Amino acid sequence: MSAAETPLAEPGWGSLEDAVARVLWDEEAIQKRVRELGAQIARDYQALLGSALGENPPLVVGIFRGAIVFLADLMRAMPIPLECDYVQLYSYGKGSEAGEIQLLRDLGTPAQGRHILLVEDIVDTGQTLHFLCEHLEARGAASLKICALIDKKPRRRVKIPLDYVGFLLEEDAFVVGYGLDYAERFRNLPYVAALKPEALAP
Ligand code: IMP
């Protein structure tokens with residue numbers, strides 16, 4: 001089904017056809033890439049931890065709310081023992097602009113000695129991951145890896161080593177769907193699409 005055919009009307013935006021400029025990655029492309037990432041990550045943890053995998057399985061940590069859909073699919077593509085948790089952050093930026101970051105919900109599991117895989121929806125300036133890596137390293141994580149669905153390069157301000165990336169976004173487009181929102185809308189789209197610039201509030 002194309003974006004234009006999706007039967008979803010958004011109050012204030014009209015139909016999706018009005019807000020979505022184009023689909024960047026459709027459901028099939030995303031599911032294929034997530035399966036590849038899950039298999040690769042599982043192999044890497046098996047190689048890293050060997051027989052210790054069962055005693056101290058990786059802690060897969062979603063950065064909510066944007067990573068909620070990606071986390072659910074990625075975990076199910078990793079055929080190894082694992083635990084999951086989430087953190088929730090709040091950025092004071094409005095709409096599509098990044099701002100100061102506050103931790104709204106910390107891990108429910110102690111990070112000390114854990115092999116943590118951070119799961120992020122999209123890396124933009126890099127400030128969110130920089131904040132979170134410092135936070136988790138200070139709590140004694142044994143290892144820290146990052147898996148991002150989308151690496152949006154043009155606005156990067158902080159260099160962040162990304163271990164696993166689903167898709168590269170070379171342009172400065174604001175994208176929605178598959179968990180990603182604009183003003184809390186569009187998270188439930190099964191694909192990732194660029195919004196028309198005029199759909200973004202000034
Ligand atoms: P950063 O701290 O600038 O890297 O921003 C990362 C966070 O900003 C992501 O977790 C998203 O919540 C949000 N974000 C950045 N770019 C986009 C986008 O194109 N669409 C939706 N959310 C975005």
# chains A, B, ... in the order shown; residues from 1 in each chain; ligands from 1
call {"tool": "residues_near_ligand", "arguments": {"ligand": "ligand 1", "cutoff": "7 Å", "atoms": "only C-alpha atoms and all ligand atoms", "output": "number ranges by chain"}}
result
A: 66, 96, 98, 120-129, 173-176, 180-182
call {"tool": "write_last_selection", "arguments": {"atoms": "C-alpha atoms", "output": "PDB file, in the first residue's frame"}}
result
ATOM      1  CA  GLY A  66      11.072   6.357  19.240  1.00  0.00           C
ATOM      2  CA  SER A  96      11.944  18.780  14.716  1.00  0.00           C
ATOM      3  CA  ALA A  98      16.940  19.079  19.120  1.00  0.00           C
ATOM      4  CA  GLU A 120      17.982   3.999  19.010  1.00  0.00           C
ATOM      5  CA  ASP A 121      15.550   4.976  16.267  1.00  0.00           C
ATOM      6  CA  ILE A 122      17.564   7.742  14.597  1.00  0.00           C
ATOM      7  CA  VAL A 123      20.842   9.513  15.352  1.00  0.00           C
ATOM      8  CA  ASP A 124      20.737  13.167  14.392  1.00  0.00           C
ATOM      9  CA  THR A 125      23.076  15.575  16.260  1.00  0.00           C
ATOM     10  CA  GLY A 126      24.301  12.650  18.423  1.00  0.00           C
ATOM     11  CA  GLN A 127      23.564  14.483  21.686  1.00  0.00           C
ATOM     12  CA  THR A 128      21.034  11.942  22.945  1.00  0.00           C
ATOM     13  CA  LEU A 129      23.453   9.012  22.606  1.00  0.00           C
ATOM     14  CA  ALA A 173      15.000  15.356   5.953  1.00  0.00           C
ATOM     15  CA  PHE A 174      12.629  14.914   8.889  1.00  0.00           C
ATOM     16  CA  VAL A 175      11.348  11.339   8.767  1.00  0.00           C
ATOM     17  CA  VAL A 176       8.435   9.585  10.469  1.00  0.00           C
ATOM     18  CA  LEU A 180       9.469   7.798  14.664  1.00  0.00           C
ATOM     19  CA  ASP A 181       7.121  10.688  15.313  1.00  0.00           C
ATOM     20  CA  TYR A 182       6.478  14.253  14.481  1.00  0.00           C
TER      21      TYR A 182
END
call {"tool": "residues_around", "arguments": {"residues": "Leu59 (chain A)", "least_positions_apart": "5", "cutoff": "9 Å", "atoms": "only C-alpha atoms", "output": "list in words"}}
result
Leu82, Glu83, Cys84, Asp85, Thr109, Ala111, Arg114, His115, Ile116, Leu117 and Leu118 of chain A
call {"tool": "atom_distance", "arguments": {"atom1": "CA of Ala21 (chain A)", "atom2": "CA of Pro190 (chain A)"}}
result
15.6 Å
call {"tool": "atom_distance", "arguments": {"atom1": "CA of Lys159 (chain A)", "atom2": "CA of Leu104 (chain A)"}}
result
23.9 Å
call {"tool": "select_by_dssp", "arguments": {"residues": "region 60-174 of chain A", "states": "strand (DSSP E or B)", "output": "MDAnalysis selection string"}}
result
chainID A and resid 60:64 83:91 101:105 115:123 143:152 164:169
call {"tool": "residues_around", "arguments": {"residues": "Gly38 (chain A)", "least_positions_apart": "5", "cutoff": "7 Å", "atoms": "only C-alpha atoms", "output": "PyMOL selection string"}}
result
chain A and resi 74+77-78
call {"tool": "write_last_selection", "arguments": {"atoms": "C-alpha atoms", "output": "CSV table (one decimal), in the first residue's frame"}}
result
chain,number,residue,atom,x,y,z
A,74,LEU,CA,15.1,-6.5,16.6
A,77,ALA,CA,15.5,-11.3,15.2
A,78,MET,CA,18.2,-12.2,17.8
call {"tool": "residues_around", "arguments": {"residues": "Pro79 (chain A)", "least_positions_apart": "4", "cutoff": "9 Å", "atoms": "only C-alpha atoms", "output": "PDB file with N, CA and C atoms, in the first residue's frame"}}
result
ATOM      1  N   GLY A  38      19.743  -8.298  13.379  1.00  0.00           N
ATOM      2  CA  GLY A  38      19.560  -9.205  14.514  1.00  0.00           C
ATOM      3  C   GLY A  38      20.511 -10.388  14.426  1.00  0.00           C
ATOM      4  N   ALA A  39      20.643 -10.963  13.224  1.00  0.00           N
ATOM      5  CA  ALA A  39      21.519 -12.125  13.038  1.00  0.00           C
ATOM      6  C   ALA A  39      22.977 -11.727  13.285  1.00  0.00           C
ATOM      7  N   ALA A  42      23.574 -11.039  17.045  1.00  0.00           N
ATOM      8  CA  ALA A  42      23.597 -12.318  17.782  1.00  0.00           C
ATOM      9  C   ALA A  42      24.938 -13.021  17.583  1.00  0.00           C
ATOM     10  N   MET A  75      14.684  -7.504  18.775  1.00  0.00           N
ATOM     11  CA  MET A  75      14.834  -8.556  19.793  1.00  0.00           C
ATOM     12  C   MET A  75      14.435  -9.912  19.241  1.00  0.00           C
TER      13      MET A  75
END
call {"tool": "residues_around", "arguments": {"residues": "Val87 (chain A)", "least_positions_apart": "4", "cutoff": "6 Å", "atoms": "only C-alpha atoms", "output": "list of chain:residue names"}}
result
A:Ile63, A:Arg105, A:Asp106, A:Leu107
call {"tool": "atom_distance", "arguments": {"atom1": "CA of Glu55 (chain A)", "atom2": "CA of Leu71 (chain A)"}}
result
22.2 Å
call {"tool": "residues_around", "arguments": {"residues": "Cys133 (chain A)", "least_positions_apart": "5", "cutoff": "10 Å", "atoms": "only C-alpha atoms", "output": "ChimeraX atom specification"}}
result
/A:118,127-128,138-139,141,144-146,160
call {"tool": "residues_around", "arguments": {"residues": "Leu48 (chain A)", "least_positions_apart": "3", "cutoff": "12 Å", "atoms": "only C-alpha atoms", "output": "PyMOL selection string"}}
result
chain A and resi 41-45+51-53+56-58+115+142-143+145
call {"tool": "write_last_selection", "arguments": {"atoms": "N, CA and C atoms", "output": "short mmCIF file (atom, residue, chain, number, x, y, z; two decimals), in the first residue's frame"}}
result
data_model
loop_
_atom_site.label_atom_id
_atom_site.label_comp_id
_atom_site.auth_asym_id
_atom_site.auth_seq_id
_atom_site.Cartn_x
_atom_site.Cartn_y
_atom_site.Cartn_z
N ILE A 41 24.14 -9.14 15.09
CA ILE A 41 24.36 -8.81 16.50
C ILE A 41 24.45 -10.09 17.33
N ALA A 42 23.57 -11.04 17.04
CA ALA A 42 23.60 -12.32 17.78
C ALA A 42 24.94 -13.02 17.58
N ARG A 43 25.41 -13.05 16.34
CA ARG A 43 26.73 -13.69 16.06
C ARG A 43 27.83 -12.99 16.83
N ASP A 44 27.79 -11.65 16.85
CA ASP A 44 28.85 -10.89 17.52
C ASP A 44 28.85 -11.13 19.03
N TYR A 45 27.66 -11.21 19.64
CA TYR A 45 27.63 -11.47 21.09
C TYR A 45 28.06 -12.91 21.39
N SER A 51 30.63 -19.03 26.12
CA SER A 51 29.78 -19.80 27.04
C SER A 51 29.23 -18.93 28.17
N ALA A 52 29.76 -17.70 28.35
CA ALA A 52 29.25 -16.81 29.40
C ALA A 52 27.92 -16.15 29.00
N LEU A 53 27.52 -16.36 27.74
CA LEU A 53 26.30 -15.74 27.21
C LEU A 53 25.06 -16.08 28.06
N ASN A 56 25.42 -14.20 31.70
CA ASN A 56 25.34 -12.74 31.68
C ASN A 56 24.92 -12.29 30.27
N PRO A 57 23.64 -12.52 29.94
CA PRO A 57 23.20 -12.21 28.58
C PRO A 57 23.18 -10.70 28.33
N PRO A 58 23.29 -10.29 27.08
CA PRO A 58 23.24 -8.86 26.79
C PRO A 58 21.93 -8.25 27.27
N HIS A 115 26.50 -6.26 29.66
CA HIS A 115 26.83 -5.96 28.26
C HIS A 115 25.58 -5.31 27.65
N ALA A 142 29.75 -3.35 31.49
CA ALA A 142 30.93 -4.11 31.06
C ALA A 142 31.27 -3.78 29.61
N SER A 143 30.25 -3.59 28.78
CA SER A 143 30.47 -3.15 27.40
C SER A 143 29.23 -2.40 26.94
N LYS A 145 27.35 -1.15 23.30
CA LYS A 145 27.28 -1.08 21.84
C LYS A 145 26.01 -0.33 21.47
#
call {"tool": "select_by_dssp", "arguments": {"residues": "region 91-133 of chain A", "states": "helix (DSSP H, G or I)", "output": "NGL selection string"}}
result
:A and (127-133)
call {"tool": "write_last_selection", "arguments": {"atoms": "C-alpha atoms", "output": "compact mmCIF listing (two decimals), in the first residue's frame"}}
result
# COMPACT_ATOMS: atom_id res chain seq x y z
CA GLN A 127 23.56 14.48 21.69
CA THR A 128 21.03 11.94 22.95
CA LEU A 129 23.45 9.01 22.61
CA HIS A 130 26.36 11.04 23.97
CA PHE A 131 24.30 11.82 27.08
CA LEU A 132 23.20 8.21 27.51
CA CYS A 133 26.63 6.63 26.92
call {"tool": "closest_residue", "arguments": {"among": "A:Glu171, A:Ser91, A:Gly140, A:Tyr178", "to": "Pro110 (chain A)", "atoms": "only C-alpha atoms"}}
result
A:Gly140
call {"tool": "closest_residue", "arguments": {"among": "A:Asp18, A:Asp151, A:Asp73, A:Glu198", "to": "Asp163 (chain A)", "atoms": "only C-alpha atoms"}}
result
A:Asp151
call {"tool": "closest_residue", "arguments": {"among": "A:Glu27, A:Glu100, A:Glu36, A:Glu134", "to": "Arg76 (chain A)", "atoms": "only C-alpha atoms"}}
result
A:Glu36
